[in-house]
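Trainee: Contents are mmCIF, C-alpha atoms; file name run29.cif:
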data_data
#
loop_
_atom_site.label_atom_id
_atom_site.label_comp_id
_atom_site.auth_asym_id
_atom_site.auth_seq_id
_atom_site.Cartn_x
_atom_site.Cartn_y
_atom_site.Cartn_z
CA MET O 288 24.27 -24.61 54.04
CA SER O 289 22.84 -27.97 53.04
CA GLY O 290 20.94 -28.05 56.32
CA TRP O 291 19.15 -24.77 55.49
CA VAL O 292 18.29 -26.04 52.00
CA LEU O 293 16.80 -29.22 53.48
CA LYS O 294 14.85 -27.21 56.05
CA GLY O 295 13.48 -24.97 53.28
CA LEU O 296 12.33 -27.95 51.25
CA LYS O 297 10.60 -29.45 54.29
CA THR O 298 8.94 -26.15 55.23
CA GLY O 299 7.64 -25.41 51.75
CA ILE O 300 6.23 -22.15 50.44
CA ARG O 301 4.82 -19.87 53.13
CA THR O 302 3.88 -16.92 50.92
CA THR O 303 0.19 -16.09 51.04
CA LEU O 304 -1.89 -17.34 48.11
CA TYR O 305 -4.07 -14.22 48.16
CA PRO O 306 -5.66 -13.07 45.85
CA LYS O 307 -6.11 -16.51 44.27
CA VAL O 308 -7.68 -17.80 47.47
CA GLU O 309 -8.70 -16.25 50.76
CA GLU O 310 -5.93 -16.13 53.36
CA PRO O 311 -7.13 -18.17 56.38
CA ALA O 312 -4.03 -17.75 58.58
CA PRO O 313 -4.71 -16.19 61.99
CA GLY O 314 -3.42 -12.69 62.59
CA VAL O 315 -3.72 -11.42 59.02
CA SER O 316 -6.16 -8.74 60.18
CA PRO O 317 -6.90 -7.14 63.53
CA GLY O 318 -10.55 -6.85 62.52
CA ARG O 319 -12.66 -3.72 62.88
CA PRO O 320 -16.08 -2.82 64.26
CA GLU O 321 -18.99 -3.66 61.97
CA GLY O 322 -22.03 -1.44 61.93
CA GLY O 323 -25.62 -2.34 61.27
CA GLY O 324 -26.70 -3.58 64.68
CA ILE O 325 -29.35 -2.19 66.98
CA ALA O 326 -28.02 0.32 69.48
CA GLY O 327 -30.49 -0.54 72.25
CA ASN O 328 -29.17 0.42 75.68
CA LYS O 329 -25.53 0.15 74.72
CA LYS O 330 -22.92 2.70 75.73
CA PRO O 331 -23.39 6.03 73.85
CA ALA O 332 -21.18 6.27 70.78
CA ALA O 333 -20.01 9.77 71.70
CA VAL O 334 -18.54 8.37 74.92
CA ALA O 335 -17.08 5.19 73.49
CA CYS O 336 -15.40 6.54 70.34
CA PRO O 337 -12.65 9.17 70.78
CA VAL O 338 -12.73 10.20 67.10
CA ALA O 339 -16.51 10.29 66.52
CA ALA O 340 -16.36 7.44 64.02
CA ILE O 341 -19.48 5.80 65.46
CA THR O 342 -22.93 7.28 65.05
CA VAL O 343 -26.41 6.05 65.95
CA HIS O 344 -29.41 6.95 63.78
CA ASN O 345 -32.85 5.50 64.45
CA LYS O 346 -31.18 3.07 66.87
CA ARG O 347 -28.94 1.73 64.07
CA VAL O 348 -25.18 1.90 64.58
CA SER O 349 -22.91 3.00 61.72
CA VAL O 350 -19.12 3.27 61.50
CA ASP O 351 -17.11 5.76 59.46
CA TYR O 352 -14.00 3.71 58.66
CA ASP O 353 -12.15 6.79 57.41
CA LYS O 354 -12.08 7.95 61.05
CA CYS O 355 -11.81 4.67 62.96
CA ILE O 356 -8.46 4.29 64.76
CA HIS O 357 -9.01 0.67 65.91
CA CYS O 358 -8.79 1.64 69.58
CA ALA O 359 -11.28 -1.15 70.47
CA ARG O 360 -13.08 1.05 73.02
CA CYS O 361 -16.36 0.00 71.37
CA LEU O 362 -15.54 -3.71 71.72
CA PRO O 363 -15.61 -5.97 74.80
CA PRO O 364 -14.33 -5.80 77.45
CA ALA O 365 -13.78 -2.02 77.15
CA GLY O 366 -17.13 -1.25 75.52
CA ALA O 367 -20.35 -2.95 74.50
CA ILE O 368 -21.43 -1.27 71.25
CA PHE O 369 -20.19 -4.19 69.14
CA ASP O 370 -19.91 -7.84 70.14
CA LYS O 371 -16.74 -8.62 68.19
CA PRO O 372 -14.60 -7.23 65.35
CA ALA O 373 -15.63 -8.02 61.79
CA ALA O 374 -13.64 -10.57 59.83
CA GLY O 375 -11.96 -9.87 56.50
CA TYR O 376 -9.28 -7.57 55.14
CA GLU O 377 -10.59 -6.34 51.77
CA TRP O 378 -11.15 -2.80 53.01
CA ALA O 379 -10.12 -0.65 50.05
CA TYR O 380 -12.61 1.32 47.98
CA LYS O 381 -12.56 3.67 45.01
CA VAL O 382 -13.04 7.31 45.86
CA PRO O 383 -15.93 8.88 43.91
CA ARG O 384 -15.56 12.27 42.27
CA ASP O 385 -18.77 14.15 41.62
CA GLY O 386 -20.68 10.95 42.21
CA VAL O 387 -18.59 8.89 39.75
CA ALA O 388 -15.96 6.42 40.99
CA ALA O 389 -12.57 7.38 39.56
CA GLY O 390 -10.08 4.71 40.53
CA GLY O 391 -7.31 5.79 38.12
CA ALA O 392 -8.82 4.31 34.97
CA GLY O 393 -5.68 5.01 32.93
CA VAL O 394 -3.47 3.13 35.38
CA ALA O 395 -5.86 0.17 35.38
CA LYS O 396 -5.58 -0.09 31.60
CA THR O 397 -1.82 0.35 31.19
CA CYS O 398 -0.41 -1.10 34.44
CA SER O 399 -2.53 -4.19 35.03
CA HIS O 400 0.53 -6.49 35.07
CA SER O 401 3.29 -4.15 36.26
CA LEU O 402 2.76 -1.30 38.70
CA HIS O 403 5.51 0.93 40.10
CA ILE O 404 4.76 2.59 43.43
CA LYS O 405 6.25 5.67 45.04
CA VAL O 406 5.68 5.70 48.82
CA VAL O 407 5.48 9.10 50.53
CA ASP O 408 5.40 9.60 54.30
CA GLY O 409 3.09 12.54 54.94
CA GLY O 410 3.86 12.68 58.65
CA ALA O 411 2.75 9.23 59.76
CA CYS O 412 3.50 7.61 63.13
CA ASN O 413 5.26 4.74 61.29
CA ALA O 414 2.50 2.17 61.91
CA CYS O 415 1.21 2.29 58.31
CA LEU O 416 4.76 2.41 56.95
CA SER O 417 5.55 -0.71 58.93
CA GLU O 418 2.66 -2.51 57.24
CA VAL O 419 3.73 -1.23 53.81
CA SER O 420 7.25 -2.55 54.43
CA GLN O 421 5.82 -6.04 54.93
CA LEU O 422 4.59 -6.13 51.32
CA THR O 423 8.04 -6.89 49.89
CA LYS O 424 8.87 -9.60 52.44
CA PRO O 425 8.41 -13.34 51.79
CA CYS O 426 5.03 -13.70 53.52
CA TYR O 427 3.28 -11.26 51.17
CA ASP O 428 5.83 -10.83 48.32
CA MET O 429 3.96 -8.28 46.24
CA HIS O 430 6.55 -8.70 43.46
CA ARG O 431 4.79 -11.93 42.46
CA LEU O 432 1.81 -9.74 41.55
CA GLY O 433 3.84 -7.30 39.49
CA PHE O 434 3.99 -4.55 42.14
CA PHE O 435 7.31 -2.78 42.71
CA ILE O 436 8.53 0.09 44.90
CA THR O 437 10.40 2.83 43.06
CA PRO O 438 12.56 5.54 44.70
CA THR O 439 11.61 8.24 42.21
CA PRO O 440 8.19 9.63 41.27
CA ARG O 441 9.33 9.96 37.65
CA ASP O 442 9.11 6.17 37.32
CA ALA O 443 5.96 5.77 39.41
CA ASP O 444 2.48 4.85 38.26
CA LEU O 445 0.90 5.12 41.70
CA LEU O 446 1.58 7.47 44.61
CA LEU O 447 1.00 5.70 47.93
CA VAL O 448 0.64 8.22 50.75
CA VAL O 449 0.47 7.61 54.50
CA GLY O 450 0.00 10.21 57.22
CA PRO O 451 -2.24 13.29 57.59
CA VAL O 452 0.12 15.47 55.46
CA THR O 453 1.96 17.88 57.72
CA GLU O 454 2.69 21.48 56.79
CA HIS O 455 6.27 20.59 55.86
CA MET O 456 5.12 17.75 53.57
CA LYS O 457 2.51 19.63 51.53
CA LEU O 458 5.00 20.97 48.97
CA PRO O 459 7.09 17.77 48.63
CA LEU O 460 3.89 15.75 48.18
CA LYS O 461 2.63 18.10 45.48
CA LYS O 462 5.99 18.03 43.69
CA ALA O 463 6.10 14.23 43.80
CA PHE O 464 2.63 14.04 42.26
CA GLU O 465 3.47 16.57 39.53
CA ALA O 466 6.67 14.68 38.65
CA MET O 467 4.76 11.47 37.93
CA PRO O 468 4.03 10.70 34.27
CA GLU O 469 0.51 10.12 33.04
CA PRO O 470 -1.46 7.98 33.60
CA LYS O 471 -1.12 8.08 37.37
CA ALA O 472 -3.14 7.32 40.47
CA VAL O 473 -3.06 8.21 44.16
CA MET O 474 -3.77 5.76 46.97
CA ALA O 475 -4.30 7.03 50.53
CA VAL O 476 -3.43 4.39 53.13
CA GLY O 477 -4.55 4.55 56.73
CA THR O 478 -6.92 6.62 58.82
CA CYS O 479 -4.58 9.61 59.00
CA ALA O 480 -4.28 9.76 55.21
CA LEU O 481 -8.08 9.63 54.88
CA SER O 482 -9.30 11.97 57.60
CA GLY O 483 -6.32 13.27 59.57
CA GLY O 484 -6.77 10.64 62.26
CA ILE O 485 -5.70 11.65 65.76
CA PHE O 486 -3.08 14.08 64.43
CA GLY O 487 -5.19 16.35 62.28
CA PRO O 488 -6.70 18.48 61.07
CA GLY O 489 -4.82 21.04 63.11
CA PHE O 490 -2.21 23.76 63.00
CA ALA O 491 0.60 21.34 62.07
CA ALA O 492 -1.19 18.67 60.02
CA GLY O 493 -3.97 18.45 57.48
CA GLY O 494 -7.12 16.38 57.37
CA GLY O 495 -5.84 13.79 54.92
CA VAL O 496 -4.50 13.50 51.39
CA ARG O 497 -7.77 14.50 49.70
CA GLU O 498 -7.25 18.08 50.84
CA PHE O 499 -4.20 18.35 48.57
CA LEU O 500 -4.40 15.67 45.86
CA PRO O 501 -7.11 13.80 43.92
CA VAL O 502 -7.27 10.39 45.63
CA ASP O 503 -8.35 7.39 43.54
CA ILE O 504 -8.09 4.51 46.03
CA ALA O 505 -8.62 4.65 49.80
CA VAL O 506 -7.46 1.97 52.25
CA PRO O 507 -8.95 2.52 55.72
CA GLY O 508 -7.35 1.12 58.87
CA CYS O 509 -5.14 2.20 61.75
CA PRO O 510 -3.02 0.67 60.46
CA PRO O 511 -4.50 -1.40 57.62
CA PRO O 512 -2.99 -4.91 57.42
CA PRO O 513 -0.77 -5.77 54.43
CA LEU O 514 -3.52 -7.72 52.68
CA ALA O 515 -5.81 -4.67 52.81
CA ILE O 516 -3.08 -2.64 51.10
CA ILE O 517 -2.60 -5.36 48.50
CA HIS O 518 -6.37 -5.31 47.93
CA GLY O 519 -6.11 -1.58 47.21
CA LEU O 520 -3.25 -2.10 44.76
CA LEU O 521 -5.18 -4.84 42.97
CA MET O 522 -8.15 -2.51 42.75
CA ALA O 523 -5.96 0.26 41.32
CA VAL O 524 -4.90 -1.97 38.41
CA GLY O 525 -8.38 -3.33 37.80
CA ARG O 526 -7.77 -6.83 39.15
CA LYS O 527 -10.22 -6.46 42.05
CA GLU O 528 -13.66 -4.94 42.07
CA SER O 529 -14.58 -1.92 44.16
CA VAL O 530 -17.05 -2.14 47.01
CA PRO O 531 -20.74 -2.37 46.00
CA SER O 532 -22.39 0.96 45.32
CA SER O 533 -24.75 0.41 48.25
CA THR O 534 -21.83 0.75 50.68
CA SER O 535 -19.67 3.20 48.75
CA PRO O 536 -19.08 6.59 50.39
CA GLY O 537 -20.68 9.75 49.13
CA PRO O 538 -18.59 12.76 48.05
CA GLY O 539 -16.61 14.11 50.93
CA SER O 540 -17.53 11.33 53.34
CA GLY O 541 -15.84 8.19 54.57
CA ARG O 542 -16.99 4.68 53.85
CA GLU O 543 -19.60 3.62 56.37
CA ALA O 544 -20.88 0.22 57.33
CA LYS O 545 -24.59 0.51 58.09
#
Can you present the structure in this file as structure tokens?

Mentor:
Amino acid sequence: MSGWVLKGLKTGIRTTLYPKVEEPAPGVSPGRPEGGGIAGNKKPAAVACPVAAITVHNKRVSVDYDKCIHCARCLPPAGAIFDKPAAGYEWAYKVPRDGVAAGGAGVAKTCSHSLHIKVVDGGACNACLSEVSQLTKPCYDMHRLGFFITPTPRDADLLLVVGPVTEHMKLPLKKAFEAMPEPKAVMAVGTCALSGGIFGPGFAAGGGVREFLPVDIAVPGCPPPPLAIIHGLLMAVGRKESVPSSTSPGPGSGREAK
């Protein structure tokens, strides 16, 4: 026992210091394609991207992150649309409603120091859930930020949903949302939860959470890394700013990098 204590003292604290400082450790994000470049003679987007997340307009490449599944077919060596993935992990954004960013204003005011989260699996492949499970482990330790997972929606301030929402999960998801006390917010995590991903829309799955519930915070990624999810939670409680209005999505569209 004494040996483990000594080893712990020598190792020191390994929990990320984000959001106080940027996390520089390698592997915190898989990166994602960054739009804005000149298309030139590069491989056509329709061929490279299996989910039509990449478009070219006036020879400028743009990426709809709500659709991107991080397949890397647009990156070397598979493709040549983008030179390398973009750095960073602050991917979350507030979802506008009728042109006005919502973001769960009531939750931001009342839950800025203590947020209880109900996680609902809307038919995910388990990739996003795996990233969510990392949030309570020592490396990320979201408890230090005042974020806690609750097993019941009656104690939840925020509903975190992953997956495209299958037919069997529509009713349970709606009931979970209705059981939550006010104020409350909804955060959609992952490509499937934002657009249906590779599973929907179809006969067995929907096209994302926004078809069934009012979403306040969106976290793109397939799957998004833990720090991207933490960024979304910080945004939900008003401790992080939303993306600039120049890159915010319009109603009914995904966030694009142009």

Trainee: Rank O:Lys371, O:Lys294, O:Lys381, O:His400 by their smallest atom-to-atom distance to Ile504 of chain O, using all atoms listed in the file, and report the top residue only.

Mentor: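 For Ile504 of chain O, the nearest of the candidates is O:Lys381.
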
Trainee: So what do you get for atom CA of Met474 of chain O versus atom CA of Leu520 of chain O, distance-wise?

Mentor: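 These atoms are spaced 8.2 Å apart.
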
Trainee: So how far away is atom CA of Pro510 of chain O from atom CA of Arg319 of chain O, in Å?

Mentor: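 For atom CA of Arg319 of chain O relative to atom CA of Pro510 of chain O, the distance reads 10.9 Å.
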
Trainee: With only C-alpha atoms as the basis for distance, which of O:Ile368, O:Ala373, O:Val315, O:Ile517 is at the shortest distance from Arg347 of chain O?

Mentor: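 Among O:Ile368, O:Ala373, O:Val315, O:Ile517, it is O:Ile368 that comes nearest to Arg347 of chain O.
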
Trainee: Please determine, counting all atoms listed in the file, which residue among O:Val419, O:Val394, O:Lys527, O:Glu498 has the shortest atom-to-atom distance to Lys471 of chain O.

Mentor: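 Smallest separation from Lys471 of chain O among the options: O:Val394.
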
Trainee: Taking (-0.4, -15.9, 42.2) in the file's own coordinates, collect the residues within 8 Å, counting all atoms listed in the file, and hand them back as a PyMOL selection string.

Mentor: chain O and resi 304-307+431-432

Trainee: Taking (-4.7, -8.8, 51.7) in the file's coordinates as the center, which residues reach within 10 Å of it, counting all atoms listed in the file, put as a ChimeraX atom specification?

Mentor: /O:303-306,309-310,315-316,375-379,422,427,511-521

Trainee: Limited to C-alpha atoms, could you put the picked residues into a file as a short mmCIF file (atom, residue, chain, number, x, y, z; two decimals), in the frame of the given file?

Mentor:
data_model
loop_
_atom_site.label_atom_id
_atom_site.label_comp_id
_atom_site.auth_asym_id
_atom_site.auth_seq_id
_atom_site.Cartn_x
_atom_site.Cartn_y
_atom_site.Cartn_z
CA THR O 303 0.19 -16.09 51.04
CA LEU O 304 -1.89 -17.34 48.11
CA TYR O 305 -4.07 -14.22 48.16
CA PRO O 306 -5.66 -13.07 45.85
CA GLU O 309 -8.70 -16.25 50.76
CA GLU O 310 -5.93 -16.13 53.36
CA VAL O 315 -3.72 -11.42 59.02
CA SER O 316 -6.16 -8.74 60.18
CA GLY O 375 -11.96 -9.87 56.50
CA TYR O 376 -9.28 -7.57 55.14
CA GLU O 377 -10.59 -6.34 51.77
CA TRP O 378 -11.15 -2.80 53.01
CA ALA O 379 -10.12 -0.65 50.05
CA LEU O 422 4.59 -6.13 51.32
CA TYR O 427 3.28 -11.26 51.17
CA PRO O 511 -4.50 -1.40 57.62
CA PRO O 512 -2.99 -4.91 57.42
CA PRO O 513 -0.77 -5.77 54.43
CA LEU O 514 -3.52 -7.72 52.68
CA ALA O 515 -5.81 -4.67 52.81
CA ILE O 516 -3.08 -2.64 51.10
CA ILE O 517 -2.60 -5.36 48.50
CA HIS O 518 -6.37 -5.31 47.93
CA GLY O 519 -6.11 -1.58 47.21
CA LEU O 520 -3.25 -2.10 44.76
CA LEU O 521 -5.18 -4.84 42.97
#

Trainee: Point out the residue among O:Gly495, O:His357, O:Asp370, O:Leu447 with the least atom-to-atom distance to Cys509 of chain O, counting all atoms listed in the file.

Mentor: O:His357

Trainee: Go ahead and compute the interatomic distance for atom CA of Val382 of chain O and atom CA of Val502 of chain O, in Å to one decimal.

Mentor: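 Computing the Euclidean distance for atom CA of Val382 of chain O and atom CA of Val502 of chain O yields 6.5 Å.
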
Trainee: Skipping near chain neighbours, those fewer than 6 positions away, what residues fall within 10 Å of Lys405 of chain O using only C-alpha atoms, listed as a PDB file with C-alpha atoms, in the frame of the given file?

Mentor:
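And here's out-v7.pdb as it stands now:
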ATOM      1  CA  PHE O 435       7.310  -2.780  42.710  1.00  0.00           C
ATOM      2  CA  ILE O 436       8.530   0.090  44.900  1.00  0.00           C
ATOM      3  CA  THR O 437      10.400   2.830  43.060  1.00  0.00           C
ATOM      4  CA  PRO O 438      12.560   5.540  44.700  1.00  0.00           C
ATOM      5  CA  THR O 439      11.610   8.240  42.210  1.00  0.00           C
ATOM      6  CA  PRO O 440       8.190   9.630  41.270  1.00  0.00           C
ATOM      7  CA  ARG O 441       9.330   9.960  37.650  1.00  0.00           C
ATOM      8  CA  ASP O 442       9.110   6.170  37.320  1.00  0.00           C
ATOM      9  CA  ALA O 443       5.960   5.770  39.410  1.00  0.00           C
ATOM     10  CA  ASP O 444       2.480   4.850  38.260  1.00  0.00           C
ATOM     11  CA  LEU O 445       0.900   5.120  41.700  1.00  0.00           C
ATOM     12  CA  LEU O 446       1.580   7.470  44.610  1.00  0.00           C
ATOM     13  CA  LEU O 447       1.000   5.700  47.930  1.00  0.00           C
ATOM     14  CA  VAL O 448       0.640   8.220  50.750  1.00  0.00           C
ATOM     15  CA  ALA O 463       6.100  14.230  43.800  1.00  0.00           C
ATOM     16  CA  PHE O 464       2.630  14.040  42.260  1.00  0.00           C
ATOM     17  CA  MET O 467       4.760  11.470  37.930  1.00  0.00           C
ATOM     18  CA  VAL O 473      -3.060   8.210  44.160  1.00  0.00           C
TER      19      VAL O 473
END

Trainee: Since I can't run it myself right now, could you work out what the PyMOL selection byres ((chain O and resi 481-493) around 7) selects here and report it as a PyMOL selection string?

Mentor: chain O and resi 353-354+451-454+475+477-480+494-496

Trainee: Check the smallest atom-to-atom distance from each of O:Pro363, O:Gly508, O:Pro501, O:Pro372 to Gly450 of chain O using all atoms listed in the file, then report the winner.

Mentor: O:Gly508

Trainee: Using only C-alpha atoms, find the one residue out of O:Asp408, O:Thr423, O:Cys355, O:Pro383 that sits nearest to Ile341 of chain O.

Mentor: O:Cys355
